[in-house]
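As stored in my_file_23.txt (compact mmCIF, C-alpha atoms and all ligand atoms):
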# COMPACT_ATOMS: atom_id res chain seq x y z
CA MET A 1 43.89 -8.53 -34.32
CA SER A 2 45.41 -5.07 -34.76
CA TRP A 3 46.69 -3.07 -31.80
CA LYS A 4 43.67 -0.79 -32.26
CA TYR A 5 41.22 -3.63 -31.59
CA VAL A 6 43.33 -4.90 -28.71
CA CYS A 7 43.12 -1.41 -27.21
CA VAL A 8 39.38 -1.19 -27.83
CA PHE A 9 38.78 -4.50 -26.07
CA ALA A 10 41.35 -3.90 -23.34
CA CYS A 11 40.12 -0.36 -22.72
CA ALA A 12 36.50 -1.45 -22.72
CA SER A 13 37.21 -4.17 -20.20
CA LEU A 14 39.32 -1.79 -18.12
CA LEU A 15 36.50 0.76 -18.21
CA THR A 16 33.97 -1.91 -17.20
CA THR A 17 36.23 -2.93 -14.31
CA LEU A 18 36.76 0.68 -13.28
CA TYR A 19 33.04 1.45 -13.62
CA ALA A 20 32.09 -1.61 -11.56
CA ALA A 21 34.70 -0.70 -8.96
CA ALA A 22 33.46 2.91 -8.84
CA GLU A 23 29.87 1.73 -8.60
CA SER A 24 30.56 -0.80 -5.86
CA SER A 25 32.62 1.74 -3.91
CA ALA A 26 29.81 4.29 -4.34
CA SER A 27 27.34 1.68 -3.14
CA SER A 28 29.44 0.71 -0.13
CA THR A 29 29.75 4.45 0.58
CA LEU A 30 25.97 4.69 0.48
CA ASN A 31 25.60 1.59 2.65
CA LYS A 32 27.92 3.20 5.23
CA ALA A 33 26.14 6.55 4.99
CA VAL A 34 22.77 4.86 5.64
CA ALA A 35 24.25 2.98 8.62
CA ALA A 36 25.77 6.21 9.97
CA ASP A 37 22.40 7.98 9.74
CA TYR A 38 20.47 5.13 11.33
CA ASN A 39 20.39 6.37 14.95
CA TYR A 40 18.50 9.44 13.80
CA LEU A 41 15.98 7.33 11.88
CA ASP A 42 15.58 4.89 14.78
CA LYS A 43 14.41 7.70 17.08
CA LEU A 44 12.09 9.00 14.38
CA TYR A 45 10.61 5.53 13.76
CA LYS A 46 9.88 5.07 17.46
CA HIS A 47 8.24 8.50 17.55
CA PHE A 48 5.95 7.64 14.61
CA HIS A 49 5.22 4.18 16.03
CA ALA A 50 4.17 5.61 19.39
CA ASN A 51 2.05 8.33 17.78
CA PRO A 52 -0.15 6.67 15.13
CA GLU A 53 -3.16 8.42 13.57
CA LEU A 54 -6.23 7.07 11.76
CA SER A 55 -6.92 7.54 8.05
CA MET A 56 -7.59 11.16 7.02
CA GLN A 57 -6.57 12.33 10.49
CA GLU A 58 -2.78 12.16 10.03
CA PHE A 59 -2.32 15.77 11.22
CA GLU A 60 0.65 15.35 13.58
CA THR A 61 2.35 12.80 11.32
CA SER A 62 2.06 15.19 8.40
CA ASP A 63 3.40 18.09 10.53
CA ARG A 64 6.40 16.07 11.69
CA LEU A 65 7.17 14.76 8.21
CA ALA A 66 6.93 18.33 6.84
CA LYS A 67 9.27 19.61 9.57
CA GLU A 68 11.85 16.91 8.84
CA LEU A 69 11.84 17.56 5.09
CA LYS A 70 11.79 21.36 5.38
CA SER A 71 14.87 21.30 7.59
CA LEU A 72 16.72 19.52 4.74
CA GLY A 73 15.92 22.29 2.25
CA TYR A 74 12.89 20.73 0.56
CA THR A 75 10.02 23.06 -0.50
CA LEU A 76 6.69 22.03 1.02
CA THR A 77 3.22 21.94 -0.58
CA ARG A 78 0.77 20.99 2.16
CA ASP A 79 -2.87 20.11 2.79
CA ILE A 80 -3.34 18.24 -0.49
CA GLY A 81 -6.34 15.93 -0.06
CA LYS A 82 -6.62 17.03 3.61
CA THR A 83 -3.36 15.92 5.29
CA GLY A 84 -1.26 15.05 2.21
CA LEU A 85 1.99 16.82 1.39
CA VAL A 86 4.71 16.96 -1.24
CA ALA A 87 8.28 18.02 -0.47
CA THR A 88 10.26 19.04 -3.54
CA LEU A 89 14.02 19.25 -4.00
CA LYS A 90 15.14 20.77 -7.30
CA ASN A 91 18.66 19.98 -8.38
CA GLY A 92 19.20 21.32 -11.89
CA LYS A 93 17.82 20.15 -15.21
CA GLY A 94 16.68 16.55 -15.42
CA PRO A 95 13.79 14.18 -14.89
CA THR A 96 11.32 14.29 -12.00
CA LEU A 97 10.83 11.34 -9.65
CA MET A 98 8.05 11.09 -7.07
CA ILE A 99 8.40 8.74 -4.08
CA ARG A 100 5.26 8.10 -2.04
CA ALA A 101 4.88 7.01 1.58
CA ASP A 102 1.49 6.38 3.19
CA MET A 103 1.08 7.85 6.67
CA ASP A 104 -2.05 6.34 8.26
CA ALA A 105 -2.48 3.73 11.01
CA LEU A 106 -5.29 1.34 11.98
CA PRO A 107 -8.01 1.12 14.67
CA VAL A 108 -6.19 -1.74 16.43
CA LEU A 109 -5.24 -2.03 20.13
CA GLU A 110 -1.49 -2.68 20.18
CA LYS A 111 -0.45 -5.76 22.18
CA THR A 112 3.23 -6.06 21.23
CA GLY A 113 4.49 -4.97 24.66
CA LEU A 114 7.23 -2.90 22.97
CA PRO A 115 8.64 -0.07 25.10
CA TYR A 116 7.50 2.37 22.39
CA ALA A 117 4.12 0.68 21.82
CA SER A 118 1.18 2.94 21.04
CA THR A 119 -1.28 3.78 23.79
CA LYS A 120 -3.06 6.31 21.57
CA LYS A 121 -6.78 6.62 21.08
CA GLN A 122 -8.49 8.76 18.47
CA ILE A 123 -12.08 9.66 17.60
CA ASN A 124 -12.71 8.21 14.14
CA LEU A 125 -14.63 9.94 11.34
CA GLU A 126 -17.88 8.34 12.61
CA GLY A 127 -17.29 9.92 16.03
CA ILE A 128 -16.33 6.70 17.84
CA GLU A 129 -13.19 6.52 20.00
CA MET A 130 -10.76 3.87 18.74
CA PRO A 131 -7.38 2.54 19.82
CA VAL A 132 -4.76 3.32 17.15
CA MET A 133 -1.73 1.28 16.09
CA HIS A 134 0.75 1.28 13.24
CA ALA A 135 -0.18 -2.34 12.56
CA CYS A 136 0.73 -2.20 8.87
CA GLY A 137 4.17 -0.56 9.03
CA HIS A 138 3.37 2.86 7.57
CA ASP A 139 5.53 4.31 10.38
CA MET A 140 8.44 2.53 8.68
CA HIS A 141 7.43 4.00 5.31
CA VAL A 142 7.40 7.58 6.59
CA THR A 143 10.71 7.06 8.40
CA SER A 144 12.32 5.56 5.28
CA LEU A 145 11.06 8.49 3.20
CA VAL A 146 12.91 10.83 5.58
CA GLY A 147 15.95 8.54 5.30
CA VAL A 148 15.91 8.81 1.49
CA ALA A 149 15.37 12.59 1.77
CA ARG A 150 18.45 12.90 3.97
CA GLN A 151 20.66 10.80 1.65
CA MET A 152 19.47 12.59 -1.50
CA ALA A 153 20.05 16.01 0.06
CA ALA A 154 23.57 14.95 1.06
CA MET A 155 24.36 13.46 -2.39
CA LYS A 156 23.23 16.31 -4.65
CA ASP A 157 26.46 16.02 -6.64
CA GLN A 158 25.40 12.54 -7.82
CA TRP A 159 22.02 13.31 -9.39
CA ARG A 160 20.20 15.89 -11.54
CA GLY A 161 16.52 16.73 -11.76
CA THR A 162 13.68 17.07 -9.28
CA LEU A 163 12.80 14.83 -6.38
CA GLN A 164 9.23 14.92 -5.04
CA LEU A 165 8.54 13.16 -1.74
CA LEU A 166 4.85 12.56 -1.10
CA GLY A 167 3.16 11.84 2.23
CA GLN A 168 -0.24 10.28 1.55
CA PRO A 169 -3.25 10.06 3.84
CA ALA A 170 -5.72 7.17 4.08
CA GLU A 171 -4.17 4.21 2.29
CA GLU A 172 -5.85 1.78 4.69
CA ALA A 173 -9.26 3.24 3.95
CA LEU A 174 -8.37 3.38 0.22
CA GLY A 175 -9.16 6.94 -0.73
CA GLY A 176 -6.14 9.07 0.17
CA ALA A 177 -4.43 8.82 -3.22
CA LYS A 178 -7.65 9.72 -5.04
CA ALA A 179 -8.26 12.59 -2.62
CA MET A 180 -4.83 14.05 -3.42
CA VAL A 181 -5.30 13.76 -7.20
CA ARG A 182 -8.78 15.30 -6.92
CA ASP A 183 -7.26 18.15 -4.90
CA ASN A 184 -5.12 19.06 -7.94
CA LEU A 185 -1.95 17.29 -6.78
CA TYR A 186 -0.23 17.43 -10.16
CA GLU A 187 -1.43 20.94 -11.03
CA ARG A 188 0.10 22.10 -7.73
CA VAL A 189 3.45 20.27 -7.72
CA GLY A 190 3.96 19.23 -11.36
CA ARG A 191 3.67 15.82 -12.96
CA PRO A 192 6.61 13.44 -12.34
CA ASP A 193 8.28 11.34 -15.07
CA TYR A 194 8.46 8.35 -12.73
CA SER A 195 6.79 7.34 -9.50
CA MET A 196 7.85 4.88 -6.79
CA ALA A 197 6.34 3.47 -3.61
CA MET A 198 7.30 0.87 -1.06
CA HIS A 199 5.74 -1.37 1.58
CA VAL A 200 7.34 -3.34 4.40
CA ILE A 201 6.06 -6.92 4.17
CA ALA A 202 6.05 -9.31 7.13
CA LYS A 203 6.17 -12.52 5.05
CA TYR A 204 9.71 -11.80 3.73
CA PRO A 205 12.93 -11.92 5.80
CA ALA A 206 13.80 -8.52 7.28
CA GLY A 207 15.68 -6.24 4.93
CA LYS A 208 15.19 -8.32 1.76
CA ILE A 209 13.88 -6.57 -1.35
CA ALA A 210 11.22 -8.15 -3.61
CA PHE A 211 9.20 -6.87 -6.56
CA SER A 212 7.82 -8.07 -9.86
CA ASP A 213 7.88 -6.69 -13.39
CA GLY A 214 4.09 -6.62 -13.45
CA LEU A 215 1.30 -7.34 -10.98
CA MET A 216 2.03 -6.46 -7.34
CA TYR A 217 -1.44 -6.22 -5.74
CA SER A 218 -5.04 -7.12 -6.52
CA SER A 219 -7.86 -4.69 -7.10
CA ALA A 220 -10.15 -4.01 -4.12
CA ASP A 221 -13.78 -2.89 -4.05
CA THR A 222 -16.18 -2.52 -1.15
CA ILE A 223 -19.83 -3.43 -1.63
CA ARG A 224 -22.69 -2.89 0.81
CA ILE A 225 -25.87 -4.89 0.30
CA ILE A 226 -28.97 -3.80 2.18
CA VAL A 227 -31.28 -6.82 2.23
CA ARG A 228 -34.81 -5.56 2.81
CA GLY A 229 -37.39 -7.85 4.37
CA VAL A 230 -40.81 -7.53 5.96
CA ALA A 231 -40.75 -7.36 9.76
CA THR A 232 -42.98 -9.60 11.81
CA HIS A 233 -43.17 -11.62 15.05
CA GLY A 234 -40.48 -14.30 15.34
CA ALA A 235 -43.24 -16.87 15.86
CA SER A 236 -45.07 -15.88 12.63
CA PRO A 237 -42.38 -15.95 9.94
CA HIS A 238 -44.99 -16.77 7.28
CA LEU A 239 -46.40 -13.24 7.69
CA GLY A 240 -43.11 -11.52 6.82
CA LYS A 241 -39.90 -11.83 4.78
CA ASP A 242 -36.87 -12.72 6.90
CA PRO A 243 -33.79 -10.66 5.86
CA VAL A 244 -31.50 -12.74 8.12
CA LEU A 245 -32.32 -15.92 6.21
CA ILE A 246 -32.17 -14.19 2.81
CA GLY A 247 -28.88 -12.48 3.78
CA SER A 248 -27.45 -15.85 4.86
CA GLN A 249 -28.44 -17.40 1.53
CA ILE A 250 -26.76 -14.48 -0.27
CA VAL A 251 -23.54 -15.02 1.73
CA VAL A 252 -23.42 -18.67 0.65
CA ALA A 253 -24.50 -18.01 -2.96
CA LEU A 254 -21.79 -15.34 -3.40
CA GLN A 255 -19.10 -18.00 -2.94
CA SER A 256 -20.50 -19.89 -5.92
CA ILE A 257 -19.54 -16.91 -8.12
CA VAL A 258 -15.88 -17.50 -7.30
CA THR A 259 -16.04 -21.29 -7.80
CA ARG A 260 -18.52 -21.51 -10.73
CA GLU A 261 -18.33 -18.28 -12.72
CA VAL A 262 -14.64 -17.35 -12.58
CA SER A 263 -12.08 -19.56 -14.32
CA PRO A 264 -10.54 -22.01 -11.81
CA ILE A 265 -7.08 -20.75 -12.75
CA GLU A 266 -7.96 -17.08 -12.20
CA PRO A 267 -7.65 -15.60 -8.68
CA ALA A 268 -10.85 -14.05 -7.30
CA LEU A 269 -12.10 -13.32 -3.81
CA ILE A 270 -15.37 -12.31 -2.15
CA THR A 271 -15.32 -11.88 1.64
CA VAL A 272 -18.43 -10.88 3.56
CA GLY A 273 -16.64 -9.20 6.45
CA ALA A 274 -19.70 -7.83 8.26
CA PHE A 275 -23.30 -9.04 8.57
CA ARG A 276 -25.54 -6.88 10.74
CA ALA A 277 -29.21 -7.58 11.41
CA GLY A 278 -31.86 -7.90 14.04
CA THR A 279 -32.46 -6.73 17.59
CA ALA A 280 -34.12 -9.63 19.45
CA PRO A 281 -34.63 -13.41 19.17
CA ASN A 282 -38.40 -13.11 18.73
CA VAL A 283 -38.41 -10.30 16.15
CA ILE A 284 -37.95 -10.78 12.42
CA ALA A 285 -36.10 -7.65 11.33
CA ASP A 286 -36.96 -5.48 8.37
CA SER A 287 -33.41 -5.33 7.02
CA ALA A 288 -29.93 -6.82 7.09
CA GLN A 289 -26.65 -5.30 5.97
CA LEU A 290 -23.74 -7.14 4.34
CA ASP A 291 -20.36 -5.41 3.94
CA ILE A 292 -18.18 -7.14 1.39
CA THR A 293 -14.65 -6.83 0.02
CA VAL A 294 -14.06 -7.97 -3.56
CA ARG A 295 -10.59 -8.69 -4.98
CA ALA A 296 -9.34 -9.57 -8.46
CA ASN A 297 -6.11 -9.63 -10.45
CA THR A 298 -7.58 -8.34 -13.73
CA GLU A 299 -10.12 -5.69 -14.68
CA GLN A 300 -12.15 -8.38 -16.49
CA THR A 301 -12.54 -10.54 -13.37
CA ARG A 302 -13.18 -7.42 -11.28
CA ALA A 303 -16.11 -6.42 -13.52
CA LEU A 304 -17.48 -9.97 -13.58
CA LEU A 305 -17.45 -10.20 -9.76
CA LEU A 306 -19.14 -6.83 -9.27
CA ASP A 307 -21.89 -7.62 -11.81
CA SER A 308 -22.49 -11.13 -10.49
CA ILE A 309 -22.73 -10.02 -6.85
CA LYS A 310 -25.54 -7.65 -7.79
CA ARG A 311 -27.36 -10.36 -9.79
CA VAL A 312 -27.02 -13.01 -7.05
CA ALA A 313 -28.26 -10.64 -4.31
CA ILE A 314 -31.33 -9.55 -6.27
CA GLN A 315 -32.26 -13.01 -7.60
CA THR A 316 -31.84 -14.64 -4.17
CA ALA A 317 -34.30 -12.11 -2.73
CA ARG A 318 -36.70 -12.71 -5.64
CA THR A 319 -36.53 -16.47 -5.03
CA ALA A 320 -37.52 -15.81 -1.41
CA GLY A 321 -40.57 -13.92 -2.65
CA VAL A 322 -39.42 -10.42 -1.67
CA PRO A 323 -41.66 -7.93 -3.53
CA GLU A 324 -40.01 -5.99 -6.38
CA HIS A 325 -40.07 -2.68 -4.50
CA LEU A 326 -38.11 -4.26 -1.61
CA LEU A 327 -35.33 -6.00 -3.59
CA PRO A 328 -31.82 -5.56 -2.12
CA ILE A 329 -29.97 -2.28 -2.59
CA VAL A 330 -26.44 -3.05 -3.83
CA GLY A 331 -23.98 -0.17 -3.47
CA ILE A 332 -20.37 -0.13 -4.69
CA ALA A 333 -18.12 2.32 -2.82
CA PRO A 334 -16.51 4.87 -5.16
CA ASP A 335 -13.02 4.50 -3.65
CA GLY A 336 -12.24 1.03 -5.05
CA ALA A 337 -8.63 0.48 -6.10
CA PRO A 338 -7.49 -1.07 -9.38
CA THR A 339 -4.60 -3.58 -9.45
CA THR A 340 -1.15 -2.26 -8.60
CA THR A 341 0.98 -3.14 -11.63
CA ASN A 342 4.63 -2.19 -12.13
CA THR A 343 5.70 -0.72 -15.47
CA ALA A 344 7.86 -3.58 -16.78
CA GLU A 345 10.74 -1.55 -18.30
CA LEU A 346 10.98 0.70 -15.26
CA ALA A 347 10.94 -2.26 -12.85
CA GLN A 348 13.71 -3.90 -14.86
CA ARG A 349 15.77 -0.71 -14.88
CA VAL A 350 15.38 -0.18 -11.14
CA ARG A 351 16.18 -3.84 -10.43
CA ALA A 352 19.35 -3.64 -12.54
CA ALA A 353 20.47 -0.52 -10.67
CA MET A 354 19.76 -2.08 -7.27
CA LYS A 355 21.49 -5.35 -8.21
CA ALA A 356 24.58 -3.46 -9.40
CA ALA A 357 24.77 -1.59 -6.10
CA MET A 358 23.62 -4.16 -3.55
CA PRO A 359 24.67 -7.79 -2.92
CA ALA A 360 22.60 -10.64 -4.42
CA SER A 361 21.69 -11.67 -0.85
CA ALA A 362 19.72 -8.41 -0.49
CA PHE A 363 16.93 -9.74 -2.77
CA VAL A 364 14.30 -12.48 -2.58
CA GLU A 365 11.92 -13.77 -5.24
CA TRP A 366 8.60 -11.87 -5.23
CA TYR A 367 5.40 -13.93 -5.01
CA GLN A 368 1.72 -13.14 -4.49
CA SER A 369 0.49 -14.94 -1.38
CA ASP A 370 -2.85 -13.22 -0.85
CA MET A 371 -5.09 -10.64 -2.47
CA GLY A 372 -3.90 -7.52 -0.67
CA ALA A 373 -4.53 -4.19 -2.39
CA GLU A 374 -3.13 -0.65 -2.52
CA ASP A 375 -4.42 2.73 -3.65
CA PHE A 376 -1.02 3.79 -5.06
CA PRO A 377 -2.33 3.12 -8.62
CA ASP A 378 -4.74 6.02 -8.16
CA LEU A 379 -1.67 8.29 -8.13
CA VAL A 380 -0.25 6.92 -11.38
CA ASN A 381 -3.17 5.56 -13.47
CA ILE A 382 -3.91 9.00 -14.84
CA ASP A 383 -3.98 10.13 -18.46
CA PRO A 384 -1.34 9.48 -19.68
CA PRO A 385 -0.20 7.01 -16.98
CA ILE A 386 2.96 7.73 -14.99
CA PRO A 387 5.53 4.88 -15.27
CA SER A 388 5.79 3.44 -11.78
CA VAL A 389 7.44 0.80 -9.67
CA TYR A 390 6.37 -0.51 -6.28
CA ILE A 391 8.81 -2.48 -4.16
CA GLU A 392 8.43 -4.61 -1.05
CA VAL A 393 10.92 -4.81 1.81
CA GLY A 394 10.88 -7.80 4.17
CA GLY A 395 10.13 -7.05 7.81
CA THR A 396 10.39 -10.26 9.89
CA PRO A 397 13.65 -11.77 11.24
CA ALA A 398 14.40 -14.97 9.26
CA GLU A 399 14.44 -17.15 12.45
CA LYS A 400 10.92 -15.99 13.34
CA LEU A 401 9.65 -16.75 9.85
CA LYS A 402 11.12 -20.25 10.19
CA SER A 403 9.62 -20.92 13.64
CA GLY A 404 6.28 -19.41 12.66
CA GLU A 405 6.38 -16.93 15.58
CA TRP A 406 5.38 -13.85 13.64
CA ALA A 407 2.22 -11.85 13.25
CA ASP A 408 0.86 -10.62 9.93
CA HIS A 409 -0.13 -7.07 9.04
CA HIS A 410 -3.17 -5.63 10.87
CA SER A 411 -2.59 -7.94 13.88
CA PRO A 412 -2.30 -6.33 17.37
CA LEU A 413 0.98 -8.27 17.59
CA PHE A 414 2.41 -6.95 14.28
CA GLN A 415 6.06 -6.12 14.88
CA ILE A 416 8.82 -5.64 12.34
CA ASP A 417 12.60 -5.68 12.60
CA HIS A 418 12.58 -1.99 11.84
CA GLU A 419 16.37 -1.50 11.73
CA SER A 420 17.01 -4.00 8.91
CA SER A 421 13.95 -2.98 6.94
CA ILE A 422 14.54 0.79 7.21
CA LYS A 423 18.23 0.47 6.25
CA ALA A 424 17.40 -1.72 3.23
CA ALA A 425 14.52 0.52 2.13
CA VAL A 426 16.59 3.71 2.35
CA GLU A 427 19.50 2.15 0.48
CA ALA A 428 17.37 0.56 -2.26
CA MET A 429 15.19 3.63 -2.83
CA THR A 430 18.21 5.97 -2.86
CA VAL A 431 19.97 3.73 -5.42
CA ALA A 432 16.82 3.76 -7.57
CA ALA A 433 16.40 7.54 -7.23
CA ILE A 434 19.99 8.26 -8.21
CA ASP A 435 19.70 5.92 -11.22
CA LEU A 436 16.48 7.57 -12.42
CA LEU A 437 17.61 11.14 -11.79
CA GLN A 438 20.41 11.48 -14.34
ZN ZN A 501 -2.61 -2.32 5.80
ZN ZN A 502 -0.15 -0.95 4.50
Can you turn what I pasted into structure tokens?
Amino acid sequence: MSWKYVCVFACASLLTTLYAAAESSASSTLNKAVAADYNYLDKLYKHFHANPELSMQEFETSDRLAKELKSLGYTLTRDIGKTGLVATLKNGKGPTLMIRADMDALPVLEKTGLPYASTKKQINLEGIEMPVMHACGHDMHVTSLVGVARQMAAMKDQWRGTLQLLGQPAEEALGGAKAMVRDNLYERVGRPDYSMAMHVIAKYPAGKIAFSDGLMYSSADTIRIIVRGVATHGASPHLGKDPVLIGSQIVVALQSIVTREVSPIEPALITVGAFRAGTAPNVIADSAQLDITVRANTEQTRALLLDSIKRVAIQTARTAGVPEHLLPIVGIAPDGAPTTTNTAELAQRVRAAMKAAMPASAFVEWYQSDMGAEDFPDLVNIDPPIPSVYIEVGGTPAEKLKSGEWADHHSPLFQIDHESSIKAAVEAMTVAAIDLLQ
């Protein structure tokens, strides 16, 4: 081996060592910077937790988020899809990255007993007063977005390009992302080269990062079936058509779609979450209403479920002798969400950057444990699609996961270890942002 080759190999290995050392010192610097900024974020998290707002009514949350980002030098574009906003920080020539946080809370009465628990009530869009709670962790998402904003503003010497931070309304009601796109989101702020989003997840240990190279969440559609009958006296059922009985038969028959029409190795779900009918024990009603959520992991299964539900509802009514002009009305809500699927190459790139900067113990294996859904894909499944990656950050202390003393999302007892999860989210998202903005 000539001296030249020795030098090439020696220099390359020296460079690798130096690069790794520089990277790990940069990452420990970031880790320290996130820790140093935490007190600020802790106060902000408790503010958002105590002041939740329902879907499409996130006015104060949006105002506070805008105020935080404006004070850091970001340029605001507001009122996109009602309460949505984008804060932009331009930092020279380079790619554009969008990071999205959802802002809405749920109509749940908080029972955690936390000193900063919500006591808020809000009139919902149907005019009914509801208790409100951040029972899904979107308060943590908004706080972490501010955390990333603060780090990125302080580290402008380490990245180039444009950072867009997006506050989205109505994720829980699945419609906020679509509302923003319909309200000319990308015409107003420009189309990003990459898009990221994040969710705190109770089933993983607090502060641990997990994401896949492909599927993250199922599709979700809402169906309402109005079963029409013929009203009559409860003692003369033979003179009418009973929508409660027909509706009940539909509920049972729908489950046979999942077990008999979908492949046994393909996930599929039909849940009849609401069944409303009747006014008195001795009256056969003239209608019943079924509200259904439908979940799938592929577009093919999604289409099969939606078609079969319609067929089963109509044929069940026909079997009961309902006249043709009174067959069930089957309506599919327009705000259904497709599957959330990470762009493989981007997920791999982001994972490599995070793994180079954070210890191996910061990650856990991603797995799908239920058929939860997201409307984030409505922000990125446009033409052409925006490469995107969605990450999950664990929210429950490991001891609680072991003992089983933890509450899942949407529970009145939902409570995350916000310090570990916020710190991990800010660090991981900042690492990803700096890697993508070069
Ligand atoms: Zn939720
Ligand atoms: Zn959520």
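Residues of protein or nucleic acid lying within 7 Å of ligand ZN 501 (chain A), counting only C-alpha atoms and all ligand atoms, are A:Cys136, A:Glu172, A:His409, A:His410.
Each of A:Asn124, A:Gln438, A:Ala433, A:Met358 was compared to Ile209 (chain A) using all atoms listed in the file, and A:Met358 turns out to be the nearest.
Of note, CA of Lys156 (chain A) and CA of Asp63 (chain A) are spaced 25.0 Å apart.
Interatomic distance, CA of Arg182 (chain A) to CA of Met429 (chain A): 27.0 Å.
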Next on the checklist: (-19.0, 1.0, -0.3) in this file's frame - what residues fall within 9 Å of it? Use all atoms listed in the file and give the answer as a PyMOL selection string.
Outcome noted: chain A and resi 221-224+291-293+331-336
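Each of A:Ser287, A:Gln255, A:Gln158, A:Ser195 was checked against Val230 (chain A) using all atoms listed in the file; the smallest atom-to-atom distance is that of A:Ser287.
Closest approach to Tyr194 (chain A) among A:Leu69, A:Ala87, A:Val389, A:Ala424: A:Val389, based on all atoms listed in the file.
Counting all atoms listed in the file and comparing A:Val227, A:Ile434, A:Ile416, A:Ala202, the residue that lies closest to Ala149 (chain A) is A:Ile434.
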Item to check | Atom pair CA of Leu30 (chain A) / CA of Ser144 (chain A): separation (Å) | outcome: 14.5 Å
Checklist entry - Quick one: residues within 10 Å of Gly190 (chain A), all atoms listed in the file counted, chain neighbours fewer than 5 positions away excluded, as a PyMOL selection string? => result chain A and resi 96+164+184-185
Between chain A and ligand ZN 502 (chain A), at 10 Å or less, what are the per-residue closest atom pairs and their distances in Å? Count all atoms listed in the file, order by chain and rising residue number, and return it as JSON lines.
{"residue": "A:Ala101", "atom": "CA", "partner": "A:ZN502", "partner_atom": "ZN", "distance": 9.9}
{"residue": "A:Asp102", "atom": "CA", "partner": "A:ZN502", "partner_atom": "ZN", "distance": 7.6}
{"residue": "A:Met103", "atom": "CA", "partner": "A:ZN502", "partner_atom": "ZN", "distance": 9.1}
{"residue": "A:Asp104", "atom": "CA", "partner": "A:ZN502", "partner_atom": "ZN", "distance": 8.4}
{"residue": "A:Ala105", "atom": "CA", "partner": "A:ZN502", "partner_atom": "ZN", "distance": 8.3}
{"residue": "A:Leu106", "atom": "CA", "partner": "A:ZN502", "partner_atom": "ZN", "distance": 9.4}
{"residue": "A:His134", "atom": "CA", "partner": "A:ZN502", "partner_atom": "ZN", "distance": 9.1}
{"residue": "A:Ala135", "atom": "CA", "partner": "A:ZN502", "partner_atom": "ZN", "distance": 8.2}
{"residue": "A:Cys136", "atom": "CA", "partner": "A:ZN502", "partner_atom": "ZN", "distance": 4.6}
{"residue": "A:Gly137", "atom": "CA", "partner": "A:ZN502", "partner_atom": "ZN", "distance": 6.3}
{"residue": "A:His138", "atom": "CA", "partner": "A:ZN502", "partner_atom": "ZN", "distance": 6.0}
{"residue": "A:Asp139", "atom": "CA", "partner": "A:ZN502", "partner_atom": "ZN", "distance": 9.7}
{"residue": "A:His141", "atom": "CA", "partner": "A:ZN502", "partner_atom": "ZN", "distance": 9.1}
{"residue": "A:Ala170", "atom": "CA", "partner": "A:ZN502", "partner_atom": "ZN", "distance": 9.9}
{"residue": "A:Glu171", "atom": "CA", "partner": "A:ZN502", "partner_atom": "ZN", "distance": 6.9}
{"residue": "A:Glu172", "atom": "CA", "partner": "A:ZN502", "partner_atom": "ZN", "distance": 6.3}
{"residue": "A:Met198", "atom": "CA", "partner": "A:ZN502", "partner_atom": "ZN", "distance": 9.5}
{"residue": "A:His199", "atom": "CA", "partner": "A:ZN502", "partner_atom": "ZN", "distance": 6.6}
{"residue": "A:Val200", "atom": "CA", "partner": "A:ZN502", "partner_atom": "ZN", "distance": 7.9}
{"residue": "A:Ile201", "atom": "CA", "partner": "A:ZN502", "partner_atom": "ZN", "distance": 8.6}
{"residue": "A:Gly372", "atom": "CA", "partner": "A:ZN502", "partner_atom": "ZN", "distance": 9.2}
{"residue": "A:Ala373", "atom": "CA", "partner": "A:ZN502", "partner_atom": "ZN", "distance": 8.8}
{"residue": "A:Glu374", "atom": "CA", "partner": "A:ZN502", "partner_atom": "ZN", "distance": 7.6}
{"residue": "A:Asp375", "atom": "CA", "partner": "A:ZN502", "partner_atom": "ZN", "distance": 9.9}
{"residue": "A:His409", "atom": "CA", "partner": "A:ZN502", "partner_atom": "ZN", "distance": 7.6}
{"residue": "A:His410", "atom": "CA", "partner": "A:ZN502", "partner_atom": "ZN", "distance": 8.5}
Output of the above residues as a compact mmCIF listing (two decimals), keeping the file's coordinate frame, restricted to C-alpha atoms:
# COMPACT_ATOMS: atom_id res chain seq x y z
CA ALA A 101 4.88 7.01 1.58
CA ASP A 102 1.49 6.38 3.19
CA MET A 103 1.08 7.85 6.67
CA ASP A 104 -2.05 6.34 8.26
CA ALA A 105 -2.48 3.73 11.01
CA LEU A 106 -5.29 1.34 11.98
CA HIS A 134 0.75 1.28 13.24
CA ALA A 135 -0.18 -2.34 12.56
CA CYS A 136 0.73 -2.20 8.87
CA GLY A 137 4.17 -0.56 9.03
CA HIS A 138 3.37 2.86 7.57
CA ASP A 139 5.53 4.31 10.38
CA HIS A 141 7.43 4.00 5.31
CA ALA A 170 -5.72 7.17 4.08
CA GLU A 171 -4.17 4.21 2.29
CA GLU A 172 -5.85 1.78 4.69
CA MET A 198 7.30 0.87 -1.06
CA HIS A 199 5.74 -1.37 1.58
CA VAL A 200 7.34 -3.34 4.40
CA ILE A 201 6.06 -6.92 4.17
CA GLY A 372 -3.90 -7.52 -0.67
CA ALA A 373 -4.53 -4.19 -2.39
CA GLU A 374 -3.13 -0.65 -2.52
CA ASP A 375 -4.42 2.73 -3.65
CA HIS A 409 -0.13 -7.07 9.04
CA HIS A 410 -3.17 -5.63 10.87
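Comparing A:Leu145, A:Thr29, A:Asn51, A:Thr77 by their smallest distance to Lys120 (chain A), the closest is A:Asn51 (using only C-alpha atoms).
Distances to Asp37 (chain A) were evaluated for A:Gly81, A:Gly73, A:Gly161, A:Gly147 using all atoms listed in the file, and the minimum falls at A:Gly147.
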